[in-house]
Amino acid sequence: MEEEGKIISSCDIDENLALQMWTRGKTPRLSIFNKNKNQRKLIHIAWVEKRDRTLAINGKKRGETVSYVVQDFEQAIRKILTGYAANSNYKVKFFTVVLDLEKALHRPELVTNPSDLAMMSEDKRSSLWVADCSGEDKPLGVFRPFFPLSEAESAVITPDKLEINSQAERSVEVLIKRGIIDDLKKVNPDRWHNPIRITAAAMLLGFTYCGSDGSQMADTLWTSGEKPKITINTPVMKIPVKKLTLHDPGLVRLGHKLSAYIRHFYYIDELIIDYVSDSEKVLHERGYNRLRRVDFNTGSLGDVPYRVTFFDNEAEGMTAFACVPRMQTARHKGDMLMVVPTEIYRQAAANNTMGSVEDDFFTISRLLWAKQFKAWYENLIPYLKNITGLITNENPNANE
């Protein structure tokens with residue numbers, strides 16, 4: 001395998017270990033190189049997401065072991081990723097994925113029947129925009145933002161930019177052409193610019209898709225639109241361009257978590273998640289009252305089904321959810337406990353409706369997904385900030 005690829009960048013950790021980026025022109029791999037044994041191990045770079053992970057390698061002397069903690073590799077990982085981005089075809093692919101992901105995120109869900117707004121499907125609820133053409137004159141309508149707006153965001157999304165004047169104007173390309181998306185990015189890059197950049201880089205480089213395996217999807221992104229190797233008696237056919245959608249099976253969980261994070265951006269820090277041995281007992285001791293209990297299927301809150309009990313504490317204005325896994329899960333030990341101000345939960349539920357029926361299942365799962373995305377996203381920023389063109393206080397004009 002090594003003979004078919006090459007090392008693009010490398011960083012010495014010490015006299016025993018070097019970290020490198022290896023590739024065959026597609027999804028790269030992290031190379032852990034033991035200098036003492038002249039041995040290399042190739043793994044997905046997602047390995048570094050678990051910062052308390054330890055690495056032990058054989059030392060120079062017989063029986064000697066040298067140990068490291070991933071947290072200590074942060075600067076080295078950033079260095080080899082910067083070198084990889086500068087000396088590979090990463091940048092071209094990266095900007096393509098950024099644009100495609102942005103289109104997928106902002107692509108409006110078309111609604112032509114008023115009843116569709118009253119009972120919205122989960123896919124439609126996951127969108128950030130609705131092309132509302134449910135009036136009497138079907139070709140006409142309006143783009144409706146399916147997310148809360150700050151005053152600054154409201155100021156740039158003017159009514160004239162949201163008009164749909166023909167059937168051809170229902171697309172995300174119209175939102176782009178009218179400058180709405182660029183205006184949002186300028187107003188609040190932390191919400192509209194930086195998360196997409198980090199997500200696109202993670203998708204390409206082999207990081208997890210917010211905790212789930214995205215390696216197959218990453219390989220697809222690298223080969224999208226390219227000509228395969230020519231073999232005897234094989235016609236030369238260009239591989240179809242991969243079109244990203246939030247509902248693509250390879251992207252759905254990551255895409256929906258990104259969408260949830262952006263929708264609930266302004267109050268997601270109000271949600272507190274903890275893990276305890278007996279969540280109901282903890283809440284009773286804190287003065288909460290039990291309201292009702294419902295079951296959540298596998299995939300909604302984690303890799304197993306959960307039984308969720310609703311609690312409230314009227315005196316403190318708080319709502320809580322005791323989430324008990326019905327089977328053993330690899331995600332955490334004990335119960336998952338979610339606590340949020342009642343007013344924030346009500347606002348989140350309302351923001352998930354577009355005027356339709358409120359859905360506790362959807363709101364609870366999306367708040368959790370938004371929280372999970374934030375933790376994943378912030379964990380990757382130190383690794384990826386040099387190769388993603390983030391807009392920050394230190395770098396306010398970055399765009400590449």
# chains A, B, ... in the order shown; residues from 1 in each chain; ligands from 1
$ residues_around --residues "A:Arg366" --least-positions-apart "4" --cutoff "8 Å" --atoms "only C-alpha atoms" --output "ChimeraX atom specification"
/A:257,260,362,370
$ write_last_selection --atoms "C-alpha atoms" --output "PDB file, in the first residue's frame"
ATOM      1  CA  LYS A 257     -26.573  18.033  12.893  1.00  0.00           C
ATOM      2  CA  ALA A 260     -29.640  21.853  13.841  1.00  0.00           C
ATOM      3  CA  PHE A 362     -37.782  16.305  16.777  1.00  0.00           C
ATOM      4  CA  ALA A 370     -26.751  20.657  17.830  1.00  0.00           C
TER       5      ALA A 370
END
$ residues_around --residues "A:Tyr266" --least-positions-apart "3" --cutoff "10 Å" --atoms "only C-alpha atoms" --output "compact mmCIF listing (two decimals) with C-alpha atoms, in the first residue's frame"
# COMPACT_ATOMS: atom_id res chain seq x y z
CA PRO A 148 -34.48 32.43 14.08
CA LEU A 149 -32.96 35.72 12.96
CA SER A 150 -30.94 38.28 14.86
CA ARG A 191 -22.88 30.84 12.38
CA TYR A 261 -26.56 23.69 15.10
CA ILE A 262 -27.20 26.65 12.83
CA ARG A 263 -30.91 26.82 13.65
CA ASP A 269 -25.14 26.94 25.16
CA GLU A 270 -28.19 27.06 27.44
$ residues_around --residues "A:Glu343" --least-positions-apart "6" --cutoff "12 Å" --atoms "only C-alpha atoms" --output "list in words"
Tyr267, Glu270, Leu271, Asp312, Asn313, Glu314, Glu316, Gly317, Met318, Thr319, Ala349 and Ala350 of chain A
$ select_by_dssp --residues "stretch 257-338 of chain A" --states "helix (DSSP H, G or I)" --output "list in words"
Lys257, Leu258, Ser259, Ala260, Tyr261, Ile262, Arg263, Ile268, Asp269, Glu270, Ser279, Glu280, Lys281, Val282, Leu283, His284 and Glu285 of chain A
$ residues_around --residues "A:Ile391" --least-positions-apart "6" --cutoff "12 Å" --atoms "only C-alpha atoms" --output "count of residues only"
20
$ select_by_dssp --residues "stretch 211-378 of chain A" --states "strand (DSSP E)" --output "ChimeraX atom specification"
/A:272-276,289-296,306-313,318-325,335-341
$ atom_distance --atom1 "atom CA of A:Asp295" --atom2 "atom CA of A:Leu246"
25.5 Å
$ residues_around --residues "A:Asp52" --least-positions-apart "2" --cutoff "7 Å" --atoms "only C-alpha atoms" --output "mmCIF file with N, CA and C atoms, in the first residue's frame"
data_model
loop_
_atom_site.group_PDB
_atom_site.id
_atom_site.type_symbol
_atom_site.label_atom_id
_atom_site.label_comp_id
_atom_site.auth_asym_id
_atom_site.auth_seq_id
_atom_site.Cartn_x
_atom_site.Cartn_y
_atom_site.Cartn_z
ATOM 1 N N LYS A 50 -10.039 11.906 19.521
ATOM 2 C CA LYS A 50 -10.091 11.539 20.929
ATOM 3 C C LYS A 50 -8.798 12.002 21.585
ATOM 4 N N THR A 54 -4.125 7.475 24.216
ATOM 5 C CA THR A 54 -2.679 7.304 24.390
ATOM 6 C C THR A 54 -2.101 6.466 23.259
ATOM 7 N N VAL A 69 0.294 11.213 24.526
ATOM 8 C CA VAL A 69 -1.126 11.537 24.587
ATOM 9 C C VAL A 69 -1.465 12.374 23.360
ATOM 10 N N VAL A 70 -2.576 12.051 22.707
ATOM 11 C CA VAL A 70 -2.948 12.735 21.470
ATOM 12 C C VAL A 70 -3.011 14.250 21.647
ATOM 13 N N GLN A 71 -3.469 14.715 22.804
ATOM 14 C CA GLN A 71 -3.557 16.148 23.063
ATOM 15 C C GLN A 71 -2.236 16.854 22.771
#
$ residues_around --residues "A:Gly59" --least-positions-apart "6" --cutoff "10 Å" --atoms "only C-alpha atoms" --output "mmCIF file with N, CA and C atoms, in the first residue's frame"
data_model
loop_
_atom_site.group_PDB
_atom_site.id
_atom_site.type_symbol
_atom_site.label_atom_id
_atom_site.label_comp_id
_atom_site.auth_asym_id
_atom_site.auth_seq_id
_atom_site.Cartn_x
_atom_site.Cartn_y
_atom_site.Cartn_z
ATOM 1 N N GLU A 15 12.874 12.035 18.976
ATOM 2 C CA GLU A 15 13.806 11.116 18.321
ATOM 3 C C GLU A 15 13.187 9.748 18.058
ATOM 4 N N ASN A 16 11.994 9.502 18.610
ATOM 5 C CA ASN A 16 11.356 8.199 18.458
ATOM 6 C C ASN A 16 10.209 8.181 17.437
ATOM 7 N N LEU A 17 9.543 9.314 17.259
ATOM 8 C CA LEU A 17 8.264 9.315 16.553
ATOM 9 C C LEU A 17 8.141 10.498 15.596
ATOM 10 N N ASN A 34 7.353 5.032 13.482
ATOM 11 C CA ASN A 34 8.280 4.691 14.556
ATOM 12 C C ASN A 34 9.697 4.701 13.987
ATOM 13 N N LYS A 35 10.449 5.710 14.350
ATOM 14 C CA LYS A 35 11.803 5.845 13.808
ATOM 15 C C LYS A 35 12.715 4.709 14.266
ATOM 16 N N ASN A 36 12.479 4.242 15.466
ATOM 17 C CA ASN A 36 13.351 3.205 16.003
ATOM 18 C C ASN A 36 13.242 1.898 15.233
ATOM 19 N N LYS A 37 12.046 1.551 14.810
ATOM 20 C CA LYS A 37 11.810 0.301 14.102
ATOM 21 C C LYS A 37 11.666 0.508 12.601
ATOM 22 N N THR A 65 9.240 1.069 26.229
ATOM 23 C CA THR A 65 8.014 1.605 25.650
ATOM 24 C C THR A 65 7.956 3.109 25.869
ATOM 25 N N VAL A 66 7.618 3.823 24.813
ATOM 26 C CA VAL A 66 7.479 5.277 24.893
ATOM 27 C C VAL A 66 6.005 5.621 24.677
ATOM 28 N N SER A 67 5.426 6.402 25.595
ATOM 29 C CA SER A 67 4.001 6.710 25.539
ATOM 30 C C SER A 67 3.761 8.191 25.263
#
$ residues_around --residues "A:Glu109" --least-positions-apart "6" --cutoff "12 Å" --atoms "only C-alpha atoms" --output "PDB file with N, CA and C atoms, in the first residue's frame"
ATOM      1  N   ASP A 116     -49.143  20.916   3.834  1.00  0.00           N
ATOM      2  CA  ASP A 116     -47.761  20.497   4.055  1.00  0.00           C
ATOM      3  C   ASP A 116     -47.085  21.344   5.129  1.00  0.00           C
ATOM      4  N   LEU A 117     -47.527  22.583   5.264  1.00  0.00           N
ATOM      5  CA  LEU A 117     -46.989  23.441   6.318  1.00  0.00           C
ATOM      6  C   LEU A 117     -47.576  23.067   7.675  1.00  0.00           C
ATOM      7  N   MET A 120     -45.510  19.087   8.774  1.00  0.00           N
ATOM      8  CA  MET A 120     -44.252  18.995   8.047  1.00  0.00           C
ATOM      9  C   MET A 120     -43.515  17.712   8.377  1.00  0.00           C
ATOM     10  N   SER A 121     -42.944  17.100   7.354  1.00  0.00           N
ATOM     11  CA  SER A 121     -42.150  15.886   7.542  1.00  0.00           C
ATOM     12  C   SER A 121     -40.825  16.238   8.200  1.00  0.00           C
ATOM     13  N   GLU A 122     -40.129  15.206   8.680  1.00  0.00           N
ATOM     14  CA  GLU A 122     -38.833  15.419   9.323  1.00  0.00           C
ATOM     15  C   GLU A 122     -37.824  16.001   8.343  1.00  0.00           C
ATOM     16  N   ASP A 123     -37.839  15.539   7.095  1.00  0.00           N
ATOM     17  CA  ASP A 123     -36.913  16.075   6.101  1.00  0.00           C
ATOM     18  C   ASP A 123     -37.142  17.566   5.887  1.00  0.00           C
ATOM     19  N   LYS A 124     -38.391  17.963   5.774  1.00  0.00           N
ATOM     20  CA  LYS A 124     -38.685  19.385   5.569  1.00  0.00           C
ATOM     21  C   LYS A 124     -38.315  20.202   6.794  1.00  0.00           C
ATOM     22  N   ARG A 125     -38.546  19.654   7.980  1.00  0.00           N
ATOM     23  CA  ARG A 125     -38.178  20.357   9.207  1.00  0.00           C
ATOM     24  C   ARG A 125     -36.663  20.536   9.326  1.00  0.00           C
ATOM     25  N   SER A 126     -35.915  19.670   8.691  1.00  0.00           N
ATOM     26  CA  SER A 126     -34.450  19.746   8.782  1.00  0.00           C
ATOM     27  C   SER A 126     -33.863  20.818   7.875  1.00  0.00           C
ATOM     28  N   SER A 127     -34.671  21.345   6.973  1.00  0.00           N
ATOM     29  CA  SER A 127     -34.195  22.367   6.048  1.00  0.00           C
ATOM     30  C   SER A 127     -34.108  23.722   6.740  1.00  0.00           C
ATOM     31  N   LEU A 128     -33.254  24.593   6.224  1.00  0.00           N
ATOM     32  CA  LEU A 128     -33.150  25.950   6.752  1.00  0.00           C
ATOM     33  C   LEU A 128     -34.019  26.939   5.989  1.00  0.00           C
ATOM     34  N   TRP A 129     -34.567  26.510   4.849  1.00  0.00           N
ATOM     35  CA  TRP A 129     -35.412  27.384   4.046  1.00  0.00           C
ATOM     36  C   TRP A 129     -36.605  26.605   3.508  1.00  0.00           C
ATOM     37  N   VAL A 130     -37.704  27.312   3.349  1.00  0.00           N
ATOM     38  CA  VAL A 130     -38.869  26.767   2.668  1.00  0.00           C
ATOM     39  C   VAL A 130     -39.228  27.700   1.518  1.00  0.00           C
ATOM     40  N   ALA A 131     -39.414  27.123   0.328  1.00  0.00           N
ATOM     41  CA  ALA A 131     -39.942  27.881  -0.806  1.00  0.00           C
ATOM     42  C   ALA A 131     -41.467  27.725  -0.747  1.00  0.00           C
ATOM     43  N   ASP A 132     -42.107  28.705  -0.143  1.00  0.00           N
ATOM     44  CA  ASP A 132     -43.534  28.626   0.121  1.00  0.00           C
ATOM     45  C   ASP A 132     -44.318  29.123  -1.098  1.00  0.00           C
ATOM     46  N   CYS A 133     -44.812  28.172  -1.867  1.00  0.00           N
ATOM     47  CA  CYS A 133     -45.652  28.477  -3.034  1.00  0.00           C
ATOM     48  C   CYS A 133     -47.030  27.860  -2.835  1.00  0.00           C
ATOM     49  N   VAL A 142     -42.726  32.839  -1.801  1.00  0.00           N
ATOM     50  CA  VAL A 142     -41.716  33.557  -1.031  1.00  0.00           C
ATOM     51  C   VAL A 142     -40.797  32.554  -0.353  1.00  0.00           C
ATOM     52  N   PHE A 143     -39.512  32.912  -0.268  1.00  0.00           N
ATOM     53  CA  PHE A 143     -38.573  32.123   0.530  1.00  0.00           C
ATOM     54  C   PHE A 143     -38.795  32.482   1.996  1.00  0.00           C
ATOM     55  N   ARG A 144     -38.992  31.451   2.816  1.00  0.00           N
ATOM     56  CA  ARG A 144     -39.201  31.683   4.245  1.00  0.00           C
ATOM     57  C   ARG A 144     -38.053  31.079   5.031  1.00  0.00           C
ATOM     58  N   PRO A 145     -37.281  31.918   5.738  1.00  0.00           N
ATOM     59  CA  PRO A 145     -36.182  31.373   6.552  1.00  0.00           C
ATOM     60  C   PRO A 145     -36.735  30.511   7.677  1.00  0.00           C
ATOM     61  N   PHE A 146     -36.236  29.289   7.771  1.00  0.00           N
ATOM     62  CA  PHE A 146     -36.702  28.329   8.773  1.00  0.00           C
ATOM     63  C   PHE A 146     -35.699  28.303   9.920  1.00  0.00           C
ATOM     64  N   ARG A 170     -37.298  29.034  -7.624  1.00  0.00           N
ATOM     65  CA  ARG A 170     -37.498  28.328  -6.361  1.00  0.00           C
ATOM     66  C   ARG A 170     -36.217  27.699  -5.815  1.00  0.00           C
ATOM     67  N   SER A 171     -35.107  27.888  -6.462  1.00  0.00           N
ATOM     68  CA  SER A 171     -33.894  27.124  -6.167  1.00  0.00           C
ATOM     69  C   SER A 171     -32.933  27.869  -5.238  1.00  0.00           C
ATOM     70  N   VAL A 172     -31.964  27.112  -4.731  1.00  0.00           N
ATOM     71  CA  VAL A 172     -30.921  27.695  -3.894  1.00  0.00           C
ATOM     72  C   VAL A 172     -30.039  28.641  -4.692  1.00  0.00           C
ATOM     73  N   THR A 245     -26.782  16.381  -0.758  1.00  0.00           N
ATOM     74  CA  THR A 245     -28.057  16.808  -0.191  1.00  0.00           C
ATOM     75  C   THR A 245     -28.028  16.437   1.291  1.00  0.00           C
ATOM     76  N   LEU A 246     -28.782  17.182   2.094  1.00  0.00           N
ATOM     77  CA  LEU A 246     -28.824  16.890   3.520  1.00  0.00           C
ATOM     78  C   LEU A 246     -29.396  15.516   3.809  1.00  0.00           C
ATOM     79  N   HIS A 247     -30.154  14.965   2.855  1.00  0.00           N
ATOM     80  CA  HIS A 247     -30.828  13.692   3.077  1.00  0.00           C
ATOM     81  C   HIS A 247     -30.080  12.513   2.458  1.00  0.00           C
ATOM     82  N   MET A 354     -42.275  26.102  11.744  1.00  0.00           N
ATOM     83  CA  MET A 354     -42.759  26.873  10.600  1.00  0.00           C
ATOM     84  C   MET A 354     -44.290  26.993  10.660  1.00  0.00           C
TER      85      MET A 354
END
$ closest_residue --among "A:Glu378, A:Glu64, A:Asp100, A:Asp12" --to "A:Lys242" --atoms "only C-alpha atoms"
A:Asp100
